[in-house]
Amino acid sequence: MDFPRCAVDAGIAERWRSVVAAAAERPAVVAGTSALTYAELDVRAHALAHALAGVPAGEPVAVLLGHGEAVAVAAVGVLLSGRPMVALDAAAPGPRLAAVVDTAGARCCVVDGATSARAVALGLRPVPVEQPAAPASRALPAPDPDAPATIVFTSGTTGRPQGVVCSGRLTLHDAWLRADADWCRPDDALAVLLPAAFGLGLAELVSGLLTGATAHLLDPRALGATALLRELAGHATTVLAATPGLLRTLVDVPGAALPPTLRLVRSGGERFLSADARAVAAALPPGCTLLNVLGSSETALLTSFRVDAEALGGAPAVPAGWPVADRELRVERADGGEAAPGEAGELVVVSRYLPSGYWRDPVRTAERFEDLADGRHLVRTRDRARVRADGCLELLGRMDLTVKVRGHRVDPAEVEAVLLTHPDVAEVVVVAHAGGAAGGREGRDRLVAHVVPRRGARLRPALLRAHARAALPAPAVPELVLPLAELPRTERGKVDRSRLPAPAAGAVHEEPVGDWERALAETWGHVLELTGLGRHDDFFELGGDSLDVEHLLTLLHDDCGVRATAADLLAAPTPALFAARHRAGPGRARPAPGTAALVPAVDAPPLFCIAGAGGLAIGFLPLARRLSGVCPVHALQAHRLETGGVPDWSLARAARRHLAAVRRVQPRGPYRLAGHSLGALLALEVAHLLRAAGEQVELVVVVDCFAPGHGPAAPRRSPSQRLRHAAGLALTGLVGGPGEERSRRFHQQGVVLGRRHRGRTWDGRTVVVVAADEPGGGRARGWGEWLTGPWELQEVPGTHLSVLREPSVAALADVVAGALAGTRPQRTRTLAGRPSEEEAVRG
């Protein structure tokens with residue numbers, strides 16, 4: 001059916017009549033097993049509109065319904081009644097709903113049997129969505145096209161929710177615009193994924209119905225990604241609009257595919273990262289178009305950009321695109337002048353079809369909205385943007401998010417764009433936190449990057465800061481890089497900055513005292529890629545990891561003449577503490593203790609963790625911090641790894657040494673042991689020794705380790721290579737300074753010891769953890785032969801090394817904590833059946 005431009009001025013009631021006349025027997029809305037034709041929807045919507053005739057003109061009508069066919073009846077019925085509609089999210093918490101109702105001033109609410117009591121609790125008079133059919137002779141007065149038709153409430157994450165007023169003319173123009181751009185056709189099966197309480201969800205539903213399409217109401221929150229894909233395919237969906245986050249989730253479902261019937265996919269609601277756009281584009285069926293769409297509650301639709309994955313280049317995010325019909329976009333400088341192409345400024349929108357302001361809030365309306373003399377409206381978006389020479393718009397971030405760091409203005413969006421070009425970064429949000437902590441000055445902001453790494457990537461804060469430093473001025477380099485498994489999001493799917501974890505409070509900045517502290521602070525900063533560190537800045541709080549520790553220890557030895565260990569650094573992680581314990585100059589070495597306490601003691605039996613071949617005990621620090629409220633954590637590493645000397649040349653000898661260290665800390669059982677890689681085999685050997693001594697071993701946790709006899713075979717070497725390899729092994733612990741070279745030699749030696757190890761069956765309680773993202777796998781294989789008692793196999797995100805580091809370590813900590821408590825963790829996957837027998841391809 002046609003959707004002519006003149007229909008915009010004819011009004012919603014007239015457009016609805018023409019749609020029903022042309023598509024009376026076609027399905028209008030489908031929800032689960034229920035469906036309504038356009039004729040059926042028209043009868044029920046008119047009955048509701050007549051029931052609302054007693055509501056005073058101009059008074060809002062609330063709608064509190066689930067994501068089913070009734071919400072379509074309510075939407076059309078309230079629009080036909082001429083009263084402003086306020087859609088409430090049935091899944092929202094009570095305080096959120098109460099704030100919206102109070103701001104809107106609504107007194108009645110359209111409900112069904114499931115929501116009536118909740119509406120009464122909010123002080124609203126319930127109006128059942130199901131009403132007796134009205135006599136055909138009772139005609140409804142046509143709503144005023146310029147009167148408020150809907151009041152769409154913003155998320156409210158930055159304060160009290162604000163209601164944006166949209167007229168009937170704007171609502172109808174939005175539907176016409178989508179039809180004119182071929183985003184919606186009468187023969188489309190349109191997936192409506194967001195509830196009507198969200199501006200985008202309401203726009204998708206109403207525009208689809210005013211176009212004559214079939215709206216399929218699907219709730220991703222209830223279905224989950226796999227079931228949602230099945231539903232989309234089952235309905236032969238042709239048009240899908242979703243946030244980038246949801247699209248990314250759908251294309252990441254293993255073995256699943258987007259419906260082959262899709263002709264158009266639209267991304268909107270937040271920044272569409274280029275990497276995500278490429279992944280979505282690769283998953284589309286042939287002939288399907290991918291669009292990036294920009295809009296907001298205050299502006300409605302603004303731009304669109306047709307995504308060509310091959311043409312995105314190195315840009316971190318997809319451009320916003322070109323203006324849709326009847327939109328004029330300007331970029332203004334701070335002085336009010338129009339910015340030149342490529343120059344950044346505030347995005348300003350001018351159109352006849354824009355919201356009129358905030359409901360019952362003239363002060364805030366005056367700040368953002370303006371009526372022009374020619375009848376058009378102007379909205380200031382508070383978004384920073386620039387227009388390319390070809391007219392394409394690029395968003396640069398929010399004007400109100402710009403911060404001052406050490407006296408310099410910093411745009412977090414610019415920092416995010418640079419960090420997103422690093423291959424290890426999947427998502428990032430940069431925010432400013434109050435100063436007075438590491439690297440900052442009291443009373444000023446410190447820049448913090450919250451980073452989600454790509455699957456399998458090892459996130460090193462120092463390397464990310466070095467990457468940022470190559471492209472940004474010093475004040476724009478984040479002082480802290482906090483890894484996250486995922487970014488917190490609102491119910492709308494947008495990043496919720498208010499829920500980003502705050503960094504640990506640091507000490508007030510103090511300049512280093514004396515040459516020795518200054519030298520240490522500079523060394524800290526060199527390793528961590530930071531400048532201006534103070535005497536109380538903590539190496540580990542600033543993101544230092546085990547590789548950074550090795551680098552730092554090497555520099556301390558080579559440049560400062562101090563032979564220290566990781567345990568020394570753990571005990572004195574700031575320049576001031578380290579300077580007090582260690583003076584510069586040679587001959588200051590101290591033997592490494594057999595075990596290092598990694599977290600403050602709590603009233604519970606400790607967990608002893610044994611590092612893998614060449615691994616430092618301090619590598620368990622992220623796990624220990626995650627378990628800080630569960631139990632004390634002590635970690636052990638190979639004998640002579642840091643101090644040099646003859647190492648242990650059998651796992652039996654190493655196990656006896658670890659046993660002595662464990663019993664010095666905890667003389668009597670029950671004992672809890674864990675080990676990573678080769679350390680897991682040692683943990684099992686220690687368990688046997690404890691059992692032989694008459695002690696109880698409560699739990700052994702095996703973290704990503706090959707079962708005895710199931711690891712990769714030794715590589716083939718020529719005679720000369722074997723000779724060099726044997727000579728290198730013989731020098732383990734005897735040559736090479738502290739740091740990476742010695743660690744490498746110990747790792748090679750440990751691999752050899754692991755291959756020689758024959759193992760013993762263990763009948764105690766055991767949890768085997770495997771890293772899901774490790775290429776080749778194989779570490780799940782064979783444990784059933786060696787574990788004859790109660791045991792389970794758990795899969796966690798991460799690779800062999802990253803499983804001990806943030807953010808992957810969070811899942812490992814859940815497994816360990818659950819095992820210590822005797823419960824099964826919720827964030828991991830228990831592998832059913834026998835472990836995989838796939839061949840291992842790497843060690």
# chains A, B, ... in the order shown; residues from 1 in each chain; ligands from 1

call {"tool": "select_by_dssp", "arguments": {"residues": "stretch 56-129 of chain A", "states": "strand (DSSP E)", "output": "VMD selection string"}}
result
chain A and resid 61 to 65 85 to 89 108 to 111 125 to 128

call {"tool": "write_last_selection", "arguments": {"atoms": "all heavy atoms", "output": "short mmCIF file (atom, residue, chain, number, x, y, z; two decimals), in the first residue's frame"}}
result
data_model
loop_
_atom_site.label_atom_id
_atom_site.label_comp_id
_atom_site.auth_asym_id
_atom_site.auth_seq_id
_atom_site.Cartn_x
_atom_site.Cartn_y
_atom_site.Cartn_z
N VAL A 61 -1.93 9.39 29.50
CA VAL A 61 -2.43 8.07 29.83
C VAL A 61 -1.24 7.12 29.89
O VAL A 61 -0.51 6.98 28.90
CB VAL A 61 -3.46 7.57 28.80
CG1 VAL A 61 -3.84 6.12 29.08
CG2 VAL A 61 -4.70 8.46 28.81
N ALA A 62 -1.05 6.50 31.03
CA ALA A 62 0.04 5.54 31.17
C ALA A 62 -0.38 4.19 30.60
O ALA A 62 -1.56 3.84 30.59
CB ALA A 62 0.45 5.40 32.63
N VAL A 63 0.61 3.42 30.13
CA VAL A 63 0.39 2.07 29.62
C VAL A 63 1.39 1.16 30.32
O VAL A 63 2.59 1.36 30.22
CB VAL A 63 0.57 2.00 28.10
CG1 VAL A 63 0.51 0.55 27.62
CG2 VAL A 63 -0.47 2.85 27.39
N LEU A 64 0.88 0.17 31.06
CA LEU A 64 1.74 -0.77 31.78
C LEU A 64 1.36 -2.18 31.36
O LEU A 64 0.44 -2.78 31.90
CB LEU A 64 1.59 -0.59 33.29
CG LEU A 64 2.47 -1.47 34.18
CD1 LEU A 64 3.95 -1.22 33.92
CD2 LEU A 64 2.15 -1.23 35.66
N LEU A 65 2.08 -2.69 30.36
CA LEU A 65 1.78 -4.00 29.80
C LEU A 65 3.08 -4.71 29.44
O LEU A 65 4.12 -4.08 29.27
CB LEU A 65 0.91 -3.87 28.54
CG LEU A 65 -0.49 -3.28 28.74
CD1 LEU A 65 -1.11 -2.89 27.41
CD2 LEU A 65 -1.39 -4.29 29.46
N MET A 85 0.46 9.47 25.32
CA MET A 85 0.73 8.14 25.85
C MET A 85 2.08 8.12 26.55
O MET A 85 3.08 8.61 26.02
CB MET A 85 0.73 7.09 24.74
CG MET A 85 1.07 5.69 25.24
SD MET A 85 0.91 4.40 23.97
CE MET A 85 2.11 4.94 22.78
N VAL A 86 2.12 7.52 27.76
CA VAL A 86 3.36 7.30 28.50
C VAL A 86 3.48 5.80 28.71
O VAL A 86 2.77 5.22 29.53
CB VAL A 86 3.35 8.04 29.85
CG1 VAL A 86 4.64 7.74 30.61
CG2 VAL A 86 3.18 9.53 29.65
N ALA A 87 4.35 5.15 27.95
CA ALA A 87 4.54 3.71 28.08
C ALA A 87 5.49 3.41 29.23
O ALA A 87 6.58 3.98 29.31
CB ALA A 87 5.08 3.13 26.78
N LEU A 88 5.09 2.54 30.12
CA LEU A 88 5.90 2.12 31.27
C LEU A 88 6.46 0.72 31.01
O LEU A 88 5.77 -0.12 30.43
CB LEU A 88 5.07 2.12 32.55
CG LEU A 88 4.36 3.43 32.91
CD1 LEU A 88 3.50 3.22 34.15
CD2 LEU A 88 5.37 4.54 33.14
N ASP A 89 7.67 0.50 31.47
CA ASP A 89 8.31 -0.81 31.31
C ASP A 89 7.88 -1.72 32.46
O ASP A 89 8.21 -1.47 33.62
CB ASP A 89 9.83 -0.64 31.28
CG ASP A 89 10.55 -1.96 31.04
OD1 ASP A 89 9.87 -2.96 30.75
OD2 ASP A 89 11.79 -1.98 31.14
N CYS A 108 -4.37 7.74 35.17
CA CYS A 108 -4.95 6.45 34.81
C CYS A 108 -3.93 5.65 34.02
O CYS A 108 -2.96 6.20 33.48
CB CYS A 108 -6.25 6.61 34.02
SG CYS A 108 -6.02 7.27 32.36
N CYS A 109 -4.16 4.34 33.94
CA CYS A 109 -3.17 3.46 33.33
C CYS A 109 -3.86 2.29 32.65
O CYS A 109 -4.71 1.63 33.24
CB CYS A 109 -2.20 2.94 34.40
SG CYS A 109 -0.87 1.91 33.77
N VAL A 110 -3.49 2.02 31.41
CA VAL A 110 -4.01 0.88 30.67
C VAL A 110 -3.27 -0.36 31.15
O VAL A 110 -2.03 -0.41 31.13
CB VAL A 110 -3.82 1.07 29.15
CG1 VAL A 110 -4.36 -0.15 28.40
CG2 VAL A 110 -4.55 2.33 28.69
N VAL A 111 -4.02 -1.38 31.58
CA VAL A 111 -3.43 -2.56 32.20
C VAL A 111 -4.11 -3.83 31.69
O VAL A 111 -5.13 -3.76 31.00
CB VAL A 111 -3.57 -2.50 33.74
CG1 VAL A 111 -2.85 -1.29 34.32
CG2 VAL A 111 -5.06 -2.49 34.14
N ARG A 125 -5.35 4.87 38.35
CA ARG A 125 -6.64 4.21 38.13
C ARG A 125 -6.49 3.24 36.97
O ARG A 125 -6.17 3.64 35.84
CB ARG A 125 -7.72 5.23 37.82
CG ARG A 125 -9.08 4.61 37.45
CD ARG A 125 -10.13 5.68 37.26
NE ARG A 125 -9.81 6.59 36.18
CZ ARG A 125 -10.13 6.37 34.90
NH1 ARG A 125 -10.77 5.25 34.54
NH2 ARG A 125 -9.83 7.26 33.97
N PRO A 126 -6.71 1.93 37.18
CA PRO A 126 -6.52 0.97 36.10
C PRO A 126 -7.64 1.03 35.06
O PRO A 126 -8.83 1.12 35.41
CB PRO A 126 -6.51 -0.38 36.81
CG PRO A 126 -7.27 -0.15 38.08
CD PRO A 126 -7.05 1.28 38.47
N VAL A 127 -7.26 0.99 33.79
CA VAL A 127 -8.21 0.91 32.68
C VAL A 127 -7.88 -0.37 31.92
O VAL A 127 -6.82 -0.46 31.28
CB VAL A 127 -8.10 2.12 31.75
CG1 VAL A 127 -9.06 1.98 30.57
CG2 VAL A 127 -8.36 3.41 32.50
N PRO A 128 -8.73 -1.40 31.98
CA PRO A 128 -8.42 -2.66 31.29
C PRO A 128 -8.23 -2.43 29.79
O PRO A 128 -9.00 -1.70 29.15
CB PRO A 128 -9.65 -3.53 31.57
CG PRO A 128 -10.24 -2.94 32.82
CD PRO A 128 -9.99 -1.47 32.73
#

call {"tool": "closest_atom_pairs", "arguments": {"of": "stretch 318-377 of chain A", "to": "stretch 161-174 of chain A", "cutoff": "9 Å", "atoms": "only C-alpha atoms", "output": "Markdown table"}}
result
| residue | atom | partner | partner_atom | distance |
| --- | --- | --- | --- | --- |
| A:Arg352 | CA | A:Leu170 | CA | 8.5 |
| A:Tyr353 | CA | A:Leu170 | CA | 5.2 |
| A:Leu354 | CA | A:Leu170 | CA | 6.4 |
| A:Pro355 | CA | A:Cys166 | CA | 4.8 |
| A:Ser356 | CA | A:Val165 | CA | 5.8 |
| A:Gly357 | CA | A:Val165 | CA | 5.8 |
| A:Tyr358 | CA | A:Val164 | CA | 4.7 |
| A:Trp359 | CA | A:Gly163 | CA | 5.2 |
| A:Arg360 | CA | A:Gly163 | CA | 8.3 |
| A:Asp361 | CA | A:Gln162 | CA | 8.5 |

call {"tool": "residues_around", "arguments": {"residues": "A:Ala227", "least_positions_apart": "3", "cutoff": "12 Å", "atoms": "only C-alpha atoms", "output": "list in words"}}
result
Leu218, Asp219, Pro220, Arg221, Ala222, Leu223, Gly224, Arg230, Glu231, Leu232, Ala233, Gly234, Leu250, Val253, Ala256, Ala257 and Leu258 of chain A

call {"tool": "closest_residue", "arguments": {"among": "A:Glu338, A:Arg5, A:Leu140, A:Glu486", "to": "A:Thr249", "atoms": "only C-alpha atoms"}}
result
A:Glu486

call {"tool": "residues_around", "arguments": {"residues": "A:Leu641", "least_positions_apart": "3", "cutoff": "10 Å", "atoms": "only C-alpha atoms", "output": "mmCIF file with all heavy atoms, in the first residue's frame"}}
result
data_model
loop_
_atom_site.group_PDB
_atom_site.id
_atom_site.type_symbol
_atom_site.label_atom_id
_atom_site.label_comp_id
_atom_site.auth_asym_id
_atom_site.auth_seq_id
_atom_site.Cartn_x
_atom_site.Cartn_y
_atom_site.Cartn_z
ATOM 1 N N THR A 565 63.133 -9.744 44.702
ATOM 2 C CA THR A 565 62.233 -10.790 44.223
ATOM 3 C C THR A 565 60.820 -10.245 44.109
ATOM 4 O O THR A 565 60.500 -9.153 44.611
ATOM 5 C CB THR A 565 62.224 -11.989 45.183
ATOM 6 O OG1 THR A 565 61.598 -11.588 46.403
ATOM 7 C CG2 THR A 565 63.631 -12.494 45.447
ATOM 8 N N ALA A 592 64.319 -15.803 48.347
ATOM 9 C CA ALA A 592 62.862 -15.793 48.219
ATOM 10 C C ALA A 592 62.263 -16.775 49.207
ATOM 11 O O ALA A 592 62.771 -17.873 49.392
ATOM 12 C CB ALA A 592 62.460 -16.183 46.800
ATOM 13 N N ALA A 613 55.370 -24.003 35.235
ATOM 14 C CA ALA A 613 56.789 -23.960 34.876
ATOM 15 C C ALA A 613 57.207 -22.540 34.529
ATOM 16 O O ALA A 613 56.646 -21.931 33.604
ATOM 17 C CB ALA A 613 57.059 -24.890 33.703
ATOM 18 N N GLY A 614 58.171 -22.007 35.259
ATOM 19 C CA GLY A 614 58.666 -20.661 35.005
ATOM 20 C C GLY A 614 57.751 -19.562 35.484
ATOM 21 O O GLY A 614 58.038 -18.377 35.285
ATOM 22 N N GLY A 615 56.633 -19.910 36.105
ATOM 23 C CA GLY A 615 55.675 -18.909 36.562
ATOM 24 C C GLY A 615 55.998 -18.406 37.951
ATOM 25 O O GLY A 615 56.455 -19.159 38.816
ATOM 26 N N LEU A 616 55.753 -17.124 38.173
ATOM 27 C CA LEU A 616 55.971 -16.525 39.482
ATOM 28 C C LEU A 616 54.762 -16.741 40.382
ATOM 29 O O LEU A 616 53.615 -16.726 39.917
ATOM 30 C CB LEU A 616 56.234 -15.027 39.341
ATOM 31 C CG LEU A 616 57.543 -14.606 38.670
ATOM 32 C CD1 LEU A 616 57.528 -13.106 38.410
ATOM 33 C CD2 LEU A 616 58.738 -14.988 39.519
ATOM 34 N N GLN A 637 56.303 -21.055 44.101
ATOM 35 C CA GLN A 637 56.926 -21.101 42.791
ATOM 36 C C GLN A 637 58.152 -21.997 42.850
ATOM 37 O O GLN A 637 58.554 -22.483 43.907
ATOM 38 C CB GLN A 637 57.320 -19.701 42.334
ATOM 39 C CG GLN A 637 58.380 -19.053 43.210
ATOM 40 C CD GLN A 637 58.577 -17.577 42.915
ATOM 41 O OE1 GLN A 637 57.630 -16.867 42.596
ATOM 42 N NE2 GLN A 637 59.811 -17.103 43.037
ATOM 43 N N ALA A 638 58.791 -22.209 41.684
ATOM 44 C CA ALA A 638 59.929 -23.125 41.606
ATOM 45 C C ALA A 638 61.099 -22.635 42.463
ATOM 46 O O ALA A 638 61.382 -21.428 42.532
ATOM 47 C CB ALA A 638 60.367 -23.273 40.156
ATOM 48 N N GLY A 644 68.395 -17.644 41.727
ATOM 49 C CA GLY A 644 69.470 -18.342 41.061
ATOM 50 C C GLY A 644 70.004 -19.486 41.898
ATOM 51 O O GLY A 644 69.929 -19.470 43.125
ATOM 52 N N GLY A 645 70.532 -20.492 41.210
ATOM 53 C CA GLY A 645 71.058 -21.660 41.896
ATOM 54 C C GLY A 645 70.518 -22.931 41.281
ATOM 55 O O GLY A 645 69.763 -22.905 40.303
ATOM 56 N N VAL A 646 70.902 -24.044 41.845
ATOM 57 C CA VAL A 646 70.503 -25.339 41.289
ATOM 58 C C VAL A 646 69.022 -25.580 41.562
ATOM 59 O O VAL A 646 68.584 -25.561 42.720
ATOM 60 C CB VAL A 646 71.353 -26.476 41.896
ATOM 61 C CG1 VAL A 646 70.910 -27.827 41.335
ATOM 62 C CG2 VAL A 646 72.835 -26.236 41.616
ATOM 63 N N PRO A 647 68.215 -25.823 40.526
ATOM 64 C CA PRO A 647 66.781 -26.055 40.727
ATOM 65 C C PRO A 647 66.506 -27.501 41.101
ATOM 66 O O PRO A 647 67.411 -28.344 41.135
ATOM 67 C CB PRO A 647 66.188 -25.724 39.363
ATOM 68 C CG PRO A 647 67.261 -26.134 38.400
ATOM 69 C CD PRO A 647 68.576 -25.826 39.095
ATOM 70 N N THR A 732 69.991 -24.203 33.712
ATOM 71 C CA THR A 732 68.823 -23.592 34.339
ATOM 72 C C THR A 732 69.149 -23.169 35.770
ATOM 73 O O THR A 732 69.639 -23.967 36.577
ATOM 74 C CB THR A 732 67.639 -24.576 34.361
ATOM 75 O OG1 THR A 732 67.306 -24.944 33.029
ATOM 76 C CG2 THR A 732 66.422 -23.952 35.039
ATOM 77 N N GLY A 733 68.885 -21.923 36.081
ATOM 78 C CA GLY A 733 69.119 -21.395 37.411
ATOM 79 C C GLY A 733 70.544 -20.964 37.660
ATOM 80 O O GLY A 733 70.820 -20.291 38.665
ATOM 81 N N PRO A 738 68.022 -12.042 36.908
ATOM 82 C CA PRO A 738 66.612 -12.164 37.294
ATOM 83 C C PRO A 738 65.709 -11.624 36.205
ATOM 84 O O PRO A 738 66.046 -10.668 35.524
ATOM 85 C CB PRO A 738 66.528 -11.320 38.569
ATOM 86 C CG PRO A 738 67.654 -10.347 38.461
ATOM 87 C CD PRO A 738 68.750 -11.061 37.745
ATOM 88 N N GLY A 739 64.560 -12.216 36.007
ATOM 89 C CA GLY A 739 63.602 -11.707 35.035
ATOM 90 C C GLY A 739 63.277 -12.709 33.960
ATOM 91 O O GLY A 739 63.230 -13.922 34.173
ATOM 92 N N ARG A 742 65.671 -15.940 32.849
ATOM 93 C CA ARG A 742 65.663 -17.041 33.802
ATOM 94 C C ARG A 742 64.305 -17.736 33.800
ATOM 95 O O ARG A 742 64.218 -18.961 33.874
ATOM 96 C CB ARG A 742 66.010 -16.538 35.194
ATOM 97 C CG ARG A 742 66.085 -17.658 36.236
ATOM 98 C CD ARG A 742 66.557 -17.147 37.578
ATOM 99 N NE ARG A 742 67.964 -16.752 37.504
ATOM 100 C CZ ARG A 742 68.553 -15.941 38.378
ATOM 101 N NH1 ARG A 742 67.840 -15.426 39.365
ATOM 102 N NH2 ARG A 742 69.819 -15.636 38.258
ATOM 103 N N SER A 743 63.231 -16.953 33.714
ATOM 104 C CA SER A 743 61.890 -17.548 33.678
ATOM 105 C C SER A 743 61.741 -18.455 32.466
ATOM 106 O O SER A 743 61.142 -19.534 32.549
ATOM 107 C CB SER A 743 60.829 -16.444 33.669
ATOM 108 O OG SER A 743 59.539 -16.989 33.577
ATOM 109 N N ARG A 745 64.104 -20.159 30.907
ATOM 110 C CA ARG A 745 64.850 -21.390 31.124
ATOM 111 C C ARG A 745 64.100 -22.327 32.077
ATOM 112 O O ARG A 745 64.035 -23.550 31.863
ATOM 113 C CB ARG A 745 66.244 -21.073 31.678
ATOM 114 C CG ARG A 745 67.183 -20.442 30.657
ATOM 115 C CD ARG A 745 68.559 -20.188 31.265
ATOM 116 N NE ARG A 745 69.458 -19.592 30.304
ATOM 117 C CZ ARG A 745 70.210 -20.283 29.437
ATOM 118 N NH1 ARG A 745 70.130 -21.608 29.433
ATOM 119 N NH2 ARG A 745 71.014 -19.662 28.606
ATOM 120 N N PHE A 746 63.520 -21.760 33.144
ATOM 121 C CA PHE A 746 62.764 -22.593 34.079
ATOM 122 C C PHE A 746 61.531 -23.186 33.402
ATOM 123 O O PHE A 746 61.111 -24.299 33.719
ATOM 124 C CB PHE A 746 62.381 -21.788 35.314
ATOM 125 C CG PHE A 746 63.378 -21.874 36.435
ATOM 126 C CD1 PHE A 746 64.494 -21.051 36.461
ATOM 127 C CD2 PHE A 746 63.222 -22.789 37.459
ATOM 128 C CE1 PHE A 746 65.423 -21.124 37.481
ATOM 129 C CE2 PHE A 746 64.144 -22.881 38.487
ATOM 130 C CZ PHE A 746 65.256 -22.043 38.508
ATOM 131 N N HIS A 747 60.931 -22.429 32.485
ATOM 132 C CA HIS A 747 59.768 -22.959 31.777
ATOM 133 C C HIS A 747 60.177 -24.164 30.929
ATOM 134 O O HIS A 747 59.496 -25.209 30.924
ATOM 135 C CB HIS A 747 59.150 -21.882 30.887
ATOM 136 C CG HIS A 747 58.012 -22.390 30.046
ATOM 137 N ND1 HIS A 747 58.185 -22.801 28.742
ATOM 138 C CD2 HIS A 747 56.703 -22.602 30.334
ATOM 139 C CE1 HIS A 747 57.031 -23.224 28.257
ATOM 140 N NE2 HIS A 747 56.116 -23.105 29.202
#

call {"tool": "atom_distance", "arguments": {"atom1": "atom CA of A:Pro575", "atom2": "atom CA of A:Leu464"}}
result
22.7 Å

call {"tool": "atom_distance", "arguments": {"atom1": "atom CA of A:Cys184", "atom2": "atom CA of A:Leu262"}}
result
12.2 Å

call {"tool": "select_by_dssp", "arguments": {"residues": "stretch 444-638 of chain A", "states": "helix (DSSP H, G or I)", "output": "ChimeraX atom specification"}}
result
/A:461-469,474-476,497-499,514-528,546-560,566-571,575-581,617-626

call {"tool": "closest_residue", "arguments": {"among": "A:Glu130, A:Ala309, A:Leu302, A:Glu69", "to": "A:Thr289", "atoms": "only C-alpha atoms"}}
result
A:Ala309

call {"tool": "residues_around", "arguments": {"residues": "A:Arg330", "least_positions_apart": "6", "cutoff": "12 Å", "atoms": "only C-alpha atoms", "output": "PyMOL selection string"}}
result
chain A and resi 302+322-323+336-341+343-351+378-381+383-387+391-394

call {"tool": "residues_around", "arguments": {"residues": "A:Val796", "least_positions_apart": "2", "cutoff": "9 Å", "atoms": "only C-alpha atoms", "output": "list of chain:residue names"}}
result
A:Val769, A:Val770, A:Ala771, A:Ala772, A:Asp773, A:Gln794, A:Gly798, A:Val803, A:Ser808, A:Val809, A:Ala811, A:Leu812, A:Val815, A:Arg827, A:Thr828, A:Arg829

call {"tool": "residues_around", "arguments": {"residues": "stretch 445-457 of chain A", "least_positions_apart": "2", "cutoff": "7 Å", "atoms": "only C-alpha atoms", "output": "PDB file with C-alpha atoms, in the first residue's frame"}}
result
ATOM      1  CA  LYS A 404      40.115  18.525  32.710  1.00  0.00           C
ATOM      2  CA  VAL A 405      43.234  16.501  33.536  1.00  0.00           C
ATOM      3  CA  ASP A 424      43.548  -6.589  22.054  1.00  0.00           C
ATOM      4  CA  VAL A 425      40.635  -4.199  22.768  1.00  0.00           C
ATOM      5  CA  ALA A 426      37.034  -5.142  22.008  1.00  0.00           C
ATOM      6  CA  GLU A 427      35.229  -2.349  23.886  1.00  0.00           C
ATOM      7  CA  VAL A 428      36.345   0.575  26.014  1.00  0.00           C
ATOM      8  CA  VAL A 429      34.805   3.399  28.006  1.00  0.00           C
ATOM      9  CA  VAL A 430      37.022   6.171  29.343  1.00  0.00           C
ATOM     10  CA  VAL A 431      35.799   8.183  32.322  1.00  0.00           C
ATOM     11  CA  ALA A 432      37.286  10.590  34.813  1.00  0.00           C
ATOM     12  CA  HIS A 433      37.325   9.910  38.520  1.00  0.00           C
ATOM     13  CA  ALA A 434      38.129  12.327  41.310  1.00  0.00           C
ATOM     14  CA  GLY A 435      41.849  12.780  41.868  1.00  0.00           C
ATOM     15  CA  GLY A 440      46.990  12.247  39.882  1.00  0.00           C
ATOM     16  CA  GLY A 443      41.148  17.664  43.626  1.00  0.00           C
ATOM     17  CA  LEU A 459      45.350  -7.258  28.349  1.00  0.00           C
ATOM     18  CA  PRO A 478      44.737   6.817  31.011  1.00  0.00           C
ATOM     19  CA  GLU A 479      46.364   6.501  34.399  1.00  0.00           C
ATOM     20  CA  LEU A 480      44.459   3.291  35.107  1.00  0.00           C
ATOM     21  CA  VAL A 481      43.339   0.508  32.786  1.00  0.00           C
ATOM     22  CA  LEU A 482      40.667  -1.658  34.421  1.00  0.00           C
ATOM     23  CA  PRO A 483      39.829  -4.905  32.567  1.00  0.00           C
ATOM     24  CA  LEU A 484      36.159  -5.940  32.536  1.00  0.00           C
ATOM     25  CA  ALA A 485      34.482  -9.086  31.263  1.00  0.00           C
ATOM     26  CA  GLU A 486      31.667  -6.889  29.925  1.00  0.00           C
ATOM     27  CA  ASP A 773      39.658 -20.068  24.406  1.00  0.00           C
ATOM     28  CA  GLY A 798      40.305 -17.296  28.665  1.00  0.00           C
ATOM     29  CA  THR A 799      43.483 -18.841  27.342  1.00  0.00           C
TER      30      THR A 799
END

call {"tool": "closest_residue", "arguments": {"among": "A:Val410, A:Val751, A:Ala567, A:Ala189", "to": "A:Arg398", "atoms": "only C-alpha atoms"}}
result
A:Val410

call {"tool": "closest_residue", "arguments": {"among": "A:Ala474, A:Cys6, A:Val686, A:Leu190", "to": "A:Leu264", "atoms": "only C-alpha atoms"}}
result
A:Leu190

call {"tool": "closest_residue", "arguments": {"among": "A:Thr554, A:Ser677, A:Thr574, A:Thr402", "to": "A:Val415", "atoms": "only C-alpha atoms"}}
result
A:Thr402

call {"tool": "closest_residue", "arguments": {"among": "A:Cys705, A:Ala133, A:Ala31, A:Ala53", "to": "A:Ala215", "atoms": "only C-alpha atoms"}}
result
A:Ala31
